[in-house]
Every structure is written in structure tokens, then in C-alpha cells.
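One file, coords_2.cif, is given below (mmCIF, N, CA and C atoms and all ligand atoms).
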```cif
data_data
#
loop_
_atom_site.label_atom_id
_atom_site.label_comp_id
_atom_site.auth_asym_id
_atom_site.auth_seq_id
_atom_site.Cartn_x
_atom_site.Cartn_y
_atom_site.Cartn_z
N MET A 1 -24.00 7.09 -0.49
CA MET A 1 -22.70 7.08 -1.14
C MET A 1 -21.76 8.05 -0.46
N SER A 2 -22.27 9.16 0.11
CA SER A 2 -21.38 10.14 0.71
C SER A 2 -20.70 9.60 1.96
N ASP A 3 -21.27 8.58 2.61
CA ASP A 3 -20.65 7.99 3.79
C ASP A 3 -19.61 6.94 3.41
N MET A 4 -19.51 6.62 2.13
CA MET A 4 -18.60 5.58 1.68
C MET A 4 -17.19 6.14 1.58
N ASN A 5 -16.25 5.51 2.31
CA ASN A 5 -14.87 5.95 2.17
C ASN A 5 -14.19 5.20 1.04
N ARG A 6 -12.93 5.56 0.77
CA ARG A 6 -12.19 4.96 -0.34
C ARG A 6 -12.10 3.46 -0.20
N ARG A 7 -11.84 2.96 1.02
CA ARG A 7 -11.71 1.52 1.24
C ARG A 7 -13.02 0.80 0.94
N ASP A 8 -14.14 1.37 1.45
CA ASP A 8 -15.44 0.75 1.20
C ASP A 8 -15.71 0.70 -0.30
N PHE A 9 -15.37 1.80 -0.99
CA PHE A 9 -15.62 1.85 -2.42
C PHE A 9 -14.83 0.77 -3.16
N VAL A 10 -13.53 0.69 -2.84
CA VAL A 10 -12.70 -0.30 -3.53
C VAL A 10 -13.21 -1.71 -3.25
N GLN A 11 -13.62 -1.98 -2.00
CA GLN A 11 -14.07 -3.31 -1.66
C GLN A 11 -15.42 -3.63 -2.30
N SER A 12 -16.15 -2.61 -2.71
CA SER A 12 -17.45 -2.86 -3.31
C SER A 12 -17.35 -3.17 -4.79
N LEU A 13 -16.18 -2.96 -5.37
CA LEU A 13 -16.03 -3.20 -6.80
C LEU A 13 -16.09 -4.69 -7.08
N PRO A 14 -16.83 -5.09 -8.11
CA PRO A 14 -16.83 -6.51 -8.48
C PRO A 14 -15.43 -6.92 -8.93
N VAL A 15 -14.92 -8.00 -8.36
CA VAL A 15 -13.55 -8.42 -8.61
C VAL A 15 -13.31 -8.72 -10.07
N LEU A 16 -14.19 -9.49 -10.71
CA LEU A 16 -13.94 -9.89 -12.09
C LEU A 16 -13.91 -8.70 -13.03
N SER A 17 -14.92 -7.84 -12.95
CA SER A 17 -14.95 -6.72 -13.89
C SER A 17 -13.79 -5.78 -13.64
N THR A 18 -13.37 -5.64 -12.38
CA THR A 18 -12.23 -4.78 -12.07
C THR A 18 -10.97 -5.34 -12.68
N ARG A 19 -10.77 -6.67 -12.53
CA ARG A 19 -9.57 -7.28 -13.09
C ARG A 19 -9.54 -7.12 -14.61
N LEU A 20 -10.68 -7.30 -15.24
CA LEU A 20 -10.73 -7.15 -16.69
C LEU A 20 -10.47 -5.70 -17.08
N ALA A 21 -11.08 -4.77 -16.36
CA ALA A 21 -10.90 -3.36 -16.68
C ALA A 21 -9.45 -2.94 -16.52
N LEU A 22 -8.77 -3.54 -15.56
CA LEU A 22 -7.38 -3.18 -15.30
C LEU A 22 -6.41 -3.94 -16.20
N GLY A 23 -6.89 -4.98 -16.85
CA GLY A 23 -5.99 -5.79 -17.64
C GLY A 23 -5.15 -6.72 -16.80
N VAL A 24 -5.51 -6.89 -15.51
CA VAL A 24 -4.73 -7.71 -14.60
C VAL A 24 -4.69 -9.15 -15.07
N ALA A 25 -5.81 -9.64 -15.60
CA ALA A 25 -5.87 -11.05 -15.98
C ALA A 25 -5.04 -11.34 -17.22
N THR A 26 -4.78 -10.33 -18.03
CA THR A 26 -4.13 -10.61 -19.30
C THR A 26 -2.84 -9.85 -19.54
N GLY A 27 -2.50 -8.92 -18.71
CA GLY A 27 -1.33 -8.13 -19.04
C GLY A 27 -0.71 -7.46 -17.85
N PRO A 28 0.11 -6.46 -18.08
CA PRO A 28 0.83 -5.80 -17.01
C PRO A 28 -0.10 -5.02 -16.09
N LEU A 29 0.46 -4.66 -14.96
CA LEU A 29 -0.29 -3.86 -14.01
C LEU A 29 -0.55 -2.48 -14.59
N VAL A 30 -1.67 -1.91 -14.21
CA VAL A 30 -2.06 -0.62 -14.75
C VAL A 30 -2.40 0.30 -13.59
N ALA A 31 -1.99 1.54 -13.68
CA ALA A 31 -2.32 2.50 -12.64
C ALA A 31 -3.81 2.72 -12.60
N LEU A 32 -4.41 2.63 -11.40
CA LEU A 32 -5.84 2.86 -11.24
C LEU A 32 -6.14 4.35 -11.23
N SER A 33 -5.36 5.08 -10.45
CA SER A 33 -5.55 6.51 -10.30
C SER A 33 -4.36 6.99 -9.49
N ALA A 34 -4.43 8.17 -8.99
CA ALA A 34 -3.30 8.68 -8.22
C ALA A 34 -3.81 9.29 -6.92
N CYS A 35 -2.98 9.19 -5.89
CA CYS A 35 -3.29 9.79 -4.59
C CYS A 35 -2.09 10.64 -4.22
N GLY A 36 -2.26 11.94 -4.14
CA GLY A 36 -1.13 12.81 -3.84
C GLY A 36 -0.03 12.69 -4.88
N GLY A 37 -0.41 12.42 -6.13
CA GLY A 37 0.58 12.27 -7.20
C GLY A 37 1.19 10.88 -7.25
N MET A 38 0.80 9.99 -6.36
CA MET A 38 1.35 8.64 -6.32
C MET A 38 0.36 7.68 -6.98
N PRO A 39 0.79 6.93 -7.98
CA PRO A 39 -0.14 6.04 -8.68
C PRO A 39 -0.50 4.82 -7.86
N TYR A 40 -1.66 4.28 -8.16
CA TYR A 40 -2.08 2.99 -7.60
C TYR A 40 -1.74 1.90 -8.61
N LEU A 41 -1.25 0.77 -8.12
CA LEU A 41 -1.04 -0.41 -8.94
C LEU A 41 -1.83 -1.56 -8.33
N ALA A 42 -2.26 -2.50 -9.16
CA ALA A 42 -3.01 -3.67 -8.69
C ALA A 42 -2.07 -4.87 -8.60
N PRO A 43 -1.72 -5.32 -7.38
CA PRO A 43 -0.82 -6.46 -7.24
C PRO A 43 -1.54 -7.78 -7.47
N ARG A 44 -0.74 -8.83 -7.72
CA ARG A 44 -1.25 -10.20 -7.80
C ARG A 44 -0.99 -10.88 -6.45
N GLY A 45 -1.65 -12.00 -6.23
CA GLY A 45 -1.37 -12.82 -5.05
C GLY A 45 -2.23 -12.46 -3.85
N PRO A 46 -2.15 -13.32 -2.80
CA PRO A 46 -2.92 -13.07 -1.58
C PRO A 46 -2.32 -11.91 -0.77
N ARG A 47 -3.08 -11.42 0.20
CA ARG A 47 -2.68 -10.26 1.00
C ARG A 47 -1.29 -10.42 1.62
N GLU A 48 -0.97 -11.64 2.05
CA GLU A 48 0.30 -11.88 2.74
C GLU A 48 1.48 -11.96 1.79
N ARG A 49 1.21 -12.11 0.48
CA ARG A 49 2.30 -12.25 -0.50
C ARG A 49 1.86 -11.57 -1.81
N LEU A 50 2.19 -10.31 -1.93
CA LEU A 50 1.78 -9.53 -3.10
C LEU A 50 2.89 -9.53 -4.13
N VAL A 51 2.51 -9.54 -5.41
CA VAL A 51 3.49 -9.60 -6.49
C VAL A 51 3.19 -8.49 -7.49
N VAL A 52 4.23 -7.74 -7.85
CA VAL A 52 4.10 -6.71 -8.89
C VAL A 52 5.30 -6.80 -9.81
N ASP A 53 5.12 -6.32 -11.02
CA ASP A 53 6.22 -6.23 -11.99
C ASP A 53 7.09 -5.04 -11.58
N ALA A 54 8.37 -5.28 -11.36
CA ALA A 54 9.27 -4.22 -10.88
C ALA A 54 9.30 -3.04 -11.85
N ALA A 55 9.14 -3.30 -13.13
CA ALA A 55 9.20 -2.24 -14.14
C ALA A 55 8.02 -1.28 -14.03
N GLU A 56 6.95 -1.72 -13.36
CA GLU A 56 5.75 -0.88 -13.24
C GLU A 56 5.83 0.10 -12.07
N VAL A 57 6.82 -0.08 -11.18
CA VAL A 57 6.90 0.75 -9.98
C VAL A 57 7.71 2.01 -10.29
N PRO A 58 7.07 3.18 -10.24
CA PRO A 58 7.81 4.41 -10.52
C PRO A 58 8.84 4.70 -9.43
N ALA A 59 9.85 5.49 -9.77
CA ALA A 59 10.91 5.83 -8.82
C ALA A 59 10.36 6.54 -7.58
N THR A 60 9.27 7.23 -7.74
CA THR A 60 8.69 7.97 -6.61
C THR A 60 7.80 7.09 -5.74
N GLY A 61 7.60 5.83 -6.13
CA GLY A 61 6.80 4.92 -5.34
C GLY A 61 5.39 4.76 -5.87
N ALA A 62 4.69 3.78 -5.32
CA ALA A 62 3.32 3.50 -5.74
C ALA A 62 2.54 2.94 -4.57
N LEU A 63 1.23 3.05 -4.66
CA LEU A 63 0.33 2.45 -3.69
C LEU A 63 -0.28 1.21 -4.32
N LEU A 64 -0.13 0.07 -3.68
CA LEU A 64 -0.70 -1.18 -4.19
C LEU A 64 -2.08 -1.34 -3.58
N GLN A 65 -3.08 -1.54 -4.41
CA GLN A 65 -4.45 -1.68 -3.92
C GLN A 65 -5.26 -2.45 -4.94
N ARG A 66 -6.20 -3.21 -4.45
CA ARG A 66 -7.14 -3.92 -5.30
C ARG A 66 -8.25 -4.44 -4.39
N PRO A 67 -9.38 -4.85 -4.94
CA PRO A 67 -10.44 -5.41 -4.11
C PRO A 67 -9.91 -6.59 -3.30
N GLY A 68 -10.30 -6.66 -2.06
CA GLY A 68 -9.85 -7.73 -1.17
C GLY A 68 -8.72 -7.31 -0.26
N LEU A 69 -8.04 -6.22 -0.57
CA LEU A 69 -7.02 -5.68 0.33
C LEU A 69 -7.68 -4.60 1.17
N GLU A 70 -7.64 -4.77 2.49
CA GLU A 70 -8.31 -3.81 3.36
C GLU A 70 -7.61 -2.46 3.36
N PHE A 71 -6.27 -2.49 3.26
CA PHE A 71 -5.48 -1.25 3.25
C PHE A 71 -4.48 -1.30 2.09
N PRO A 72 -4.16 -0.14 1.51
CA PRO A 72 -3.14 -0.15 0.47
C PRO A 72 -1.75 -0.39 1.06
N VAL A 73 -0.84 -0.75 0.19
CA VAL A 73 0.56 -0.98 0.58
C VAL A 73 1.42 0.00 -0.20
N PHE A 74 2.29 0.70 0.50
CA PHE A 74 3.22 1.64 -0.13
C PHE A 74 4.47 0.89 -0.53
N LEU A 75 4.89 1.05 -1.78
CA LEU A 75 6.09 0.38 -2.28
C LEU A 75 6.97 1.41 -2.95
N ARG A 76 8.24 1.43 -2.54
CA ARG A 76 9.17 2.43 -3.08
C ARG A 76 10.58 1.89 -3.03
N GLN A 77 11.37 2.24 -4.06
CA GLN A 77 12.77 1.85 -4.08
C GLN A 77 13.60 2.94 -3.42
N GLY A 78 14.47 2.54 -2.49
CA GLY A 78 15.32 3.49 -1.79
C GLY A 78 16.57 3.84 -2.56
N GLU A 79 17.35 4.75 -2.03
CA GLU A 79 18.56 5.22 -2.71
C GLU A 79 19.60 4.12 -2.84
N GLN A 80 19.60 3.14 -1.94
CA GLN A 80 20.57 2.05 -1.98
C GLN A 80 20.11 0.91 -2.90
N GLY A 81 18.94 1.04 -3.50
CA GLY A 81 18.43 0.04 -4.43
C GLY A 81 17.42 -0.92 -3.84
N GLY A 82 17.39 -1.03 -2.51
CA GLY A 82 16.42 -1.90 -1.87
C GLY A 82 15.03 -1.26 -1.87
N TYR A 83 14.01 -2.09 -1.66
CA TYR A 83 12.64 -1.60 -1.67
C TYR A 83 12.05 -1.60 -0.27
N THR A 84 11.15 -0.64 -0.03
CA THR A 84 10.39 -0.56 1.20
C THR A 84 8.93 -0.85 0.88
N GLY A 85 8.33 -1.75 1.66
CA GLY A 85 6.90 -2.03 1.53
C GLY A 85 6.24 -1.79 2.88
N LEU A 86 5.25 -0.91 2.92
CA LEU A 86 4.59 -0.56 4.18
C LEU A 86 3.09 -0.77 4.08
N LEU A 87 2.51 -1.41 5.08
CA LEU A 87 1.06 -1.53 5.16
C LEU A 87 0.52 -0.21 5.69
N LEU A 88 -0.35 0.44 4.93
CA LEU A 88 -0.85 1.76 5.34
C LEU A 88 -2.07 1.62 6.24
N ARG A 89 -1.82 1.02 7.40
CA ARG A 89 -2.81 0.91 8.48
C ARG A 89 -2.15 1.51 9.71
N CYS A 90 -2.71 2.61 10.17
CA CYS A 90 -2.12 3.32 11.31
C CYS A 90 -2.04 2.40 12.52
N THR A 91 -0.91 2.43 13.21
CA THR A 91 -0.71 1.56 14.38
C THR A 91 -1.36 2.13 15.63
N HIS A 92 -2.02 3.29 15.53
CA HIS A 92 -2.74 3.82 16.68
C HIS A 92 -4.09 3.11 16.80
N GLN A 93 -5.00 3.39 15.88
CA GLN A 93 -6.32 2.75 15.93
C GLN A 93 -6.79 2.25 14.58
N GLY A 94 -5.89 2.11 13.64
CA GLY A 94 -6.22 1.41 12.41
C GLY A 94 -6.80 2.20 11.26
N CYS A 95 -6.70 3.51 11.27
CA CYS A 95 -7.13 4.29 10.10
C CYS A 95 -6.06 4.21 9.01
N GLN A 96 -6.37 4.74 7.86
CA GLN A 96 -5.45 4.69 6.72
C GLN A 96 -4.71 6.01 6.56
N PRO A 97 -3.40 6.03 6.84
CA PRO A 97 -2.62 7.26 6.61
C PRO A 97 -2.53 7.58 5.11
N ASP A 98 -2.50 8.86 4.78
CA ASP A 98 -2.42 9.29 3.38
C ASP A 98 -1.06 9.91 3.11
N PRO A 99 -0.54 9.73 1.88
CA PRO A 99 0.72 10.39 1.53
C PRO A 99 0.50 11.89 1.38
N VAL A 100 1.29 12.66 2.12
CA VAL A 100 1.23 14.12 2.05
C VAL A 100 2.67 14.63 2.09
N GLY A 101 3.12 15.20 1.00
CA GLY A 101 4.51 15.70 0.95
C GLY A 101 5.49 14.56 1.15
N ASP A 102 6.34 14.67 2.18
CA ASP A 102 7.39 13.67 2.41
C ASP A 102 7.02 12.69 3.51
N ARG A 103 5.73 12.54 3.80
CA ARG A 103 5.31 11.67 4.90
C ARG A 103 3.90 11.13 4.69
N PHE A 104 3.49 10.25 5.59
CA PHE A 104 2.10 9.78 5.63
C PHE A 104 1.46 10.41 6.87
N ILE A 105 0.26 10.94 6.69
CA ILE A 105 -0.46 11.57 7.79
C ILE A 105 -1.79 10.84 7.98
N CYS A 106 -2.04 10.44 9.23
CA CYS A 106 -3.28 9.75 9.54
C CYS A 106 -4.39 10.77 9.76
N PRO A 107 -5.51 10.64 9.03
CA PRO A 107 -6.58 11.64 9.14
C PRO A 107 -7.37 11.53 10.44
N CYS A 108 -7.23 10.43 11.19
CA CYS A 108 -8.07 10.24 12.37
C CYS A 108 -7.60 11.05 13.58
N HIS A 109 -6.31 10.93 13.94
CA HIS A 109 -5.82 11.63 15.13
C HIS A 109 -4.49 12.32 14.88
N GLY A 110 -4.03 12.35 13.64
CA GLY A 110 -2.87 13.16 13.29
C GLY A 110 -1.51 12.50 13.37
N SER A 111 -1.43 11.20 13.58
CA SER A 111 -0.10 10.57 13.59
C SER A 111 0.57 10.76 12.23
N GLU A 112 1.89 10.87 12.27
CA GLU A 112 2.66 11.03 11.04
C GLU A 112 3.78 10.00 11.01
N PHE A 113 4.04 9.48 9.80
CA PHE A 113 5.07 8.44 9.59
C PHE A 113 5.94 8.86 8.42
N ASP A 114 7.23 8.50 8.48
CA ASP A 114 8.10 8.81 7.35
C ASP A 114 8.00 7.72 6.28
N TRP A 115 8.77 7.84 5.21
CA TRP A 115 8.69 6.90 4.08
C TRP A 115 9.16 5.51 4.47
N GLU A 116 9.84 5.37 5.60
CA GLU A 116 10.26 4.05 6.08
C GLU A 116 9.28 3.50 7.11
N GLY A 117 8.23 4.25 7.41
CA GLY A 117 7.22 3.80 8.35
C GLY A 117 7.46 4.21 9.79
N ALA A 118 8.57 4.91 10.08
CA ALA A 118 8.86 5.33 11.44
C ALA A 118 7.90 6.44 11.88
N VAL A 119 7.57 6.44 13.17
CA VAL A 119 6.67 7.46 13.71
C VAL A 119 7.40 8.80 13.81
N LEU A 120 6.84 9.83 13.19
CA LEU A 120 7.36 11.19 13.32
C LEU A 120 6.59 11.97 14.37
N GLN A 121 5.30 11.62 14.50
CA GLN A 121 4.45 12.30 15.47
C GLN A 121 3.34 11.35 15.89
N GLY A 122 3.04 11.31 17.21
CA GLY A 122 1.98 10.45 17.73
C GLY A 122 0.61 11.03 17.49
N PRO A 123 -0.39 10.36 18.03
CA PRO A 123 -0.35 9.40 19.15
C PRO A 123 0.16 7.99 18.82
N ALA A 124 0.31 7.61 17.56
CA ALA A 124 0.85 6.27 17.28
C ALA A 124 2.24 6.15 17.92
N GLU A 125 2.52 4.99 18.47
CA GLU A 125 3.81 4.76 19.12
C GLU A 125 4.67 3.76 18.37
N ARG A 126 4.04 2.98 17.48
CA ARG A 126 4.78 1.95 16.74
C ARG A 126 4.84 2.28 15.25
N PRO A 127 5.89 1.85 14.58
CA PRO A 127 5.99 2.12 13.13
C PRO A 127 4.94 1.32 12.35
N LEU A 128 4.76 1.72 11.11
CA LEU A 128 3.86 0.97 10.22
C LEU A 128 4.42 -0.42 9.99
N ALA A 129 3.53 -1.40 9.82
CA ALA A 129 3.95 -2.78 9.53
C ALA A 129 4.64 -2.81 8.17
N ARG A 130 5.67 -3.64 8.09
CA ARG A 130 6.48 -3.70 6.86
C ARG A 130 6.27 -5.00 6.11
N TYR A 131 6.48 -4.92 4.82
CA TYR A 131 6.57 -6.10 3.97
C TYR A 131 8.04 -6.33 3.65
N LEU A 132 8.47 -7.58 3.68
CA LEU A 132 9.77 -7.97 3.14
C LEU A 132 9.62 -7.95 1.62
N VAL A 133 10.50 -7.25 0.93
CA VAL A 133 10.41 -7.15 -0.53
C VAL A 133 11.60 -7.88 -1.14
N THR A 134 11.32 -8.89 -1.95
CA THR A 134 12.38 -9.66 -2.61
C THR A 134 12.13 -9.64 -4.12
N ARG A 135 13.20 -9.92 -4.85
CA ARG A 135 13.11 -9.93 -6.30
C ARG A 135 13.03 -11.37 -6.79
N GLU A 136 12.07 -11.66 -7.66
CA GLU A 136 11.96 -12.98 -8.30
C GLU A 136 11.83 -12.73 -9.79
N GLY A 137 12.96 -12.78 -10.50
CA GLY A 137 12.94 -12.46 -11.92
C GLY A 137 12.56 -11.02 -12.13
N LYS A 138 11.53 -10.79 -12.93
CA LYS A 138 11.09 -9.41 -13.18
C LYS A 138 10.11 -8.91 -12.13
N ASP A 139 9.76 -9.77 -11.19
CA ASP A 139 8.75 -9.41 -10.20
C ASP A 139 9.36 -9.00 -8.87
N LEU A 140 8.62 -8.16 -8.15
CA LEU A 140 8.89 -7.89 -6.74
C LEU A 140 7.83 -8.63 -5.94
N VAL A 141 8.27 -9.37 -4.92
CA VAL A 141 7.37 -10.14 -4.09
C VAL A 141 7.40 -9.53 -2.69
N LEU A 142 6.23 -9.13 -2.19
CA LEU A 142 6.11 -8.50 -0.88
C LEU A 142 5.48 -9.49 0.08
N THR A 143 6.18 -9.78 1.17
CA THR A 143 5.68 -10.71 2.18
C THR A 143 5.48 -9.94 3.47
N LEU A 144 4.24 -9.96 3.97
CA LEU A 144 3.90 -9.19 5.17
C LEU A 144 4.60 -9.74 6.38
N GLN A 145 5.22 -8.86 7.17
CA GLN A 145 6.02 -9.23 8.32
C GLN A 145 5.31 -8.88 9.64
N GLY A 146 5.66 -9.58 10.70
CA GLY A 146 5.31 -9.22 12.07
C GLY A 146 3.85 -9.03 12.32
N GLU A 147 3.54 -8.00 13.09
CA GLU A 147 2.18 -7.81 13.60
C GLU A 147 1.18 -7.36 12.54
N GLY A 148 1.66 -7.03 11.36
CA GLY A 148 0.73 -6.64 10.30
C GLY A 148 0.00 -7.83 9.72
N ARG A 149 0.48 -9.05 10.04
CA ARG A 149 -0.12 -10.26 9.46
C ARG A 149 -1.50 -10.52 9.99
FE1 LIG A 201 -4.15 7.02 13.22
FE2 LIG A 201 -5.33 7.46 15.53
S1 LIG A 201 -5.84 5.98 14.07
S2 LIG A 201 -3.68 8.56 14.65
#
```

Can I see the file as C-alpha cells?
Amino acid sequence: MSDMNRRDFVQSLPVLSTRLALGVATGPLVALSACGGMPYLAPRGPRERLVVDAAEVPATGALLQRPGLEFPVFLRQGEQGGYTGLLLRCTHQGCQPDPVGDRFICPCHGSEFDWEGAVLQGPAERPLARYLVTREGKDLVLTLQGEGR
């Protein structure tokens, strides 16, 4: 168990019991836990098209994660009202950057990214993959763009 990382643990959870425990099958999204003060939400839909209730997303942002998603997705509303969706898979060698203060820091080789996914410090040279975020009624729909697909 000590060799199991967060991703392995999440992927090992039985999908049905997790959905029932979270209330995903019957009700609104529920925070799983928090990482760096940022809550986790369980989105609906396939990896390429994630759906969350806009009312469930705190102003400070949330990490979308559930069994079947290899990496969490950062979702946050900007000052202009638009939303940013970022796949938290480092563009250097594929580790998962963690939220630390005002940025994401990759634990593998130290790359840093800002809240928009831009590289602040290498060795990563490319920004984090983005999701297009659109509004459909009360829902936010995230569609994975570009090379993150
Ligand atoms: Fe992220 Fe190398 S995998 S810095």
C-alpha cells in the first residue's frame, strides 16, 4: 500500500460503490476531499467531455477526479467570468502537478505552471493541456482540447 500513489488509489476504487458513496448517481456532486485546500468534485461524462454543476464549483476552484480519470482536471472561474479547465498531467514526462500556493508544482522534476497552465519554470516547455469550458444550462461542460486528447 505504501507504494500506491493517489492516482493508483483512486483507480482502484470500485466504480459503483464510489458513485453511490458520493451520491453521483442520485444527486449533486460532492466534494471527495481537499488537496492544498482545493476540493475534489466528481464529474459526469467520459474523459473527453466532463460535466459538473456550475453551482458546485467554488470561487477558488476545484479538482475534478473520479475512477477512470488518469489525471485530475483543475477547474476555476476567472475574474472575467470565463472558466479555465486544465489537465493536470505535466507536459515534461507526465507526472501530476500539485496545487501549491498560486501555482502547480510537478513533484518529479520541479516544473511549475500558473493557474492558466502556462510554464513558469521548466524543464517542461509546453503549457498544460486545456479543456474548453462551456455552459449548458446549470452545467459546465469541459471538452479536452489539442494534445491532451
Ligand atoms: Fe513534471 Fe518532469 S514530469 S517536471

What does the distance between atom FE2 of ligand LIG 201 (chain A) and atom N of Val119 (chain A) come to in Å, to one decimal place? 13.2 Å

Write out, as JSON lines, each residue of chain A that has an atom at most 7 Å from ligand LIG 201 (chain A), together with the closest pair of atoms and their distance in Å to one decimal, counting only C-alpha atoms and all ligand atoms, rows going by chain and rising number.
```
{"residue": "A:Cys90", "atom": "CA", "partner": "A:LIG201", "partner_atom": "FE1", "distance": 4.6}
{"residue": "A:Thr91", "atom": "CA", "partner": "A:LIG201", "partner_atom": "FE1", "distance": 6.6}
{"residue": "A:His92", "atom": "CA", "partner": "A:LIG201", "partner_atom": "S1", "distance": 4.6}
{"residue": "A:Gln93", "atom": "CA", "partner": "A:LIG201", "partner_atom": "S1", "distance": 3.8}
{"residue": "A:Gly94", "atom": "CA", "partner": "A:LIG201", "partner_atom": "S1", "distance": 4.9}
{"residue": "A:Cys95", "atom": "CA", "partner": "A:LIG201", "partner_atom": "S1", "distance": 4.5}
{"residue": "A:Pro97", "atom": "CA", "partner": "A:LIG201", "partner_atom": "FE1", "distance": 6.8}
{"residue": "A:Cys106", "atom": "CA", "partner": "A:LIG201", "partner_atom": "FE1", "distance": 4.7}
{"residue": "A:Pro107", "atom": "CA", "partner": "A:LIG201", "partner_atom": "FE1", "distance": 6.6}
{"residue": "A:Cys108", "atom": "CA", "partner": "A:LIG201", "partner_atom": "FE2", "distance": 5.0}
{"residue": "A:His109", "atom": "CA", "partner": "A:LIG201", "partner_atom": "S2", "distance": 3.8}
{"residue": "A:Gly110", "atom": "CA", "partner": "A:LIG201", "partner_atom": "S2", "distance": 4.9}
{"residue": "A:Ser111", "atom": "CA", "partner": "A:LIG201", "partner_atom": "S2", "distance": 4.2}
{"residue": "A:Gly122", "atom": "CA", "partner": "A:LIG201", "partner_atom": "S2", "distance": 6.7}
{"residue": "A:Pro123", "atom": "CA", "partner": "A:LIG201", "partner_atom": "S2", "distance": 5.7}
{"residue": "A:Ala124", "atom": "CA", "partner": "A:LIG201", "partner_atom": "S2", "distance": 5.7}
```

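Here the question is which of A:Ala55, A:Arg89, A:Gln145, A:Ala118 gets nearest to Val73 (chain A) using all atoms listed in the file, and that residue is A:Arg89.
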
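Among the candidates A:Gly45, A:Val51, A:Gly85, A:Gln96, the one nearest to Val133 (chain A) when counting only N, CA and C atoms is A:Gly85.
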
Report the distance between CA of Phe104 (chain A) and CA of Arg135 (chain A) in Å, rounded to one decimal place. 25.5 Å

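Across the structure, atom C of Leu41 (chain A) and atom C of Leu64 (chain A) are spaced 4.8 Å apart.
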
Would you list, as a ChimeraX atom specification, the residues of region 23-139 of chain A that end up in strand (DSSP E or B) under DSSP run on this structure's backbone? /A:34-35,38-41,44,49-53,62-64,73-77,83-87,98-100,103-105,112-113,119-121,130-136,139

Shell around Leu75 (chain A) at 7 Å using all atoms listed in the file, local window under 2 positions removed, as a ChimeraX atom specification: /A:60-64,73,77,83-86

So that I have them on file, write out the residues from the current selection with N, CA and C atoms, as a PDB file, keeping the file's coordinate frame.
```pdb
ATOM      1  N   THR A  60       9.270   7.230  -7.740  1.00  0.00           N
ATOM      2  CA  THR A  60       8.690   7.970  -6.610  1.00  0.00           C
ATOM      3  C   THR A  60       7.800   7.090  -5.740  1.00  0.00           C
ATOM      4  N   GLY A  61       7.600   5.830  -6.130  1.00  0.00           N
ATOM      5  CA  GLY A  61       6.800   4.920  -5.340  1.00  0.00           C
ATOM      6  C   GLY A  61       5.390   4.760  -5.870  1.00  0.00           C
ATOM      7  N   ALA A  62       4.690   3.780  -5.320  1.00  0.00           N
ATOM      8  CA  ALA A  62       3.320   3.500  -5.740  1.00  0.00           C
ATOM      9  C   ALA A  62       2.540   2.940  -4.570  1.00  0.00           C
ATOM     10  N   LEU A  63       1.230   3.050  -4.660  1.00  0.00           N
ATOM     11  CA  LEU A  63       0.330   2.450  -3.690  1.00  0.00           C
ATOM     12  C   LEU A  63      -0.280   1.210  -4.320  1.00  0.00           C
ATOM     13  N   LEU A  64      -0.130   0.070  -3.680  1.00  0.00           N
ATOM     14  CA  LEU A  64      -0.700  -1.180  -4.190  1.00  0.00           C
ATOM     15  C   LEU A  64      -2.080  -1.340  -3.580  1.00  0.00           C
ATOM     16  N   VAL A  73      -0.840  -0.750   0.190  1.00  0.00           N
ATOM     17  CA  VAL A  73       0.560  -0.980   0.580  1.00  0.00           C
ATOM     18  C   VAL A  73       1.420   0.000  -0.200  1.00  0.00           C
ATOM     19  N   GLN A  77      11.370   2.240  -4.060  1.00  0.00           N
ATOM     20  CA  GLN A  77      12.770   1.850  -4.080  1.00  0.00           C
ATOM     21  C   GLN A  77      13.600   2.940  -3.420  1.00  0.00           C
ATOM     22  N   TYR A  83      14.010  -2.090  -1.660  1.00  0.00           N
ATOM     23  CA  TYR A  83      12.640  -1.600  -1.670  1.00  0.00           C
ATOM     24  C   TYR A  83      12.050  -1.600  -0.270  1.00  0.00           C
ATOM     25  N   THR A  84      11.150  -0.640  -0.030  1.00  0.00           N
ATOM     26  CA  THR A  84      10.390  -0.560   1.200  1.00  0.00           C
ATOM     27  C   THR A  84       8.930  -0.850   0.880  1.00  0.00           C
ATOM     28  N   GLY A  85       8.330  -1.750   1.660  1.00  0.00           N
ATOM     29  CA  GLY A  85       6.900  -2.030   1.530  1.00  0.00           C
ATOM     30  C   GLY A  85       6.240  -1.790   2.880  1.00  0.00           C
ATOM     31  N   LEU A  86       5.250  -0.910   2.920  1.00  0.00           N
ATOM     32  CA  LEU A  86       4.590  -0.560   4.180  1.00  0.00           C
ATOM     33  C   LEU A  86       3.090  -0.770   4.080  1.00  0.00           C
TER      34      LEU A  86
END
```

Within-6 Å shell of (2.5, -13.9, 1.4) in input frame, only N, CA and C atoms, as a PyMOL selection string: chain A and resi 46-50+142-144

Among listed residues A:Gln121, A:Asp98, A:Gln65, A:Ala129, nearest Pro39 (chain A) (using all atoms listed in the file): A:Gln65

From A:Pro72, A:Phe113, A:Pro99, A:Asp53, residue lying nearest Met38 (chain A) [only N, CA and C atoms]: A:Pro99

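Comparing A:Ile105, A:Val100, A:Leu69, A:Leu88 by their smallest distance to Arg44 (chain A), the closest is A:Leu69 (using only C-alpha atoms).
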
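The residue that comes closest to Trp115 (chain A), out of A:Ala54, A:Ala42, A:Asp102, A:Pro127 and on the basis of only N, CA and C atoms, is A:Asp102.
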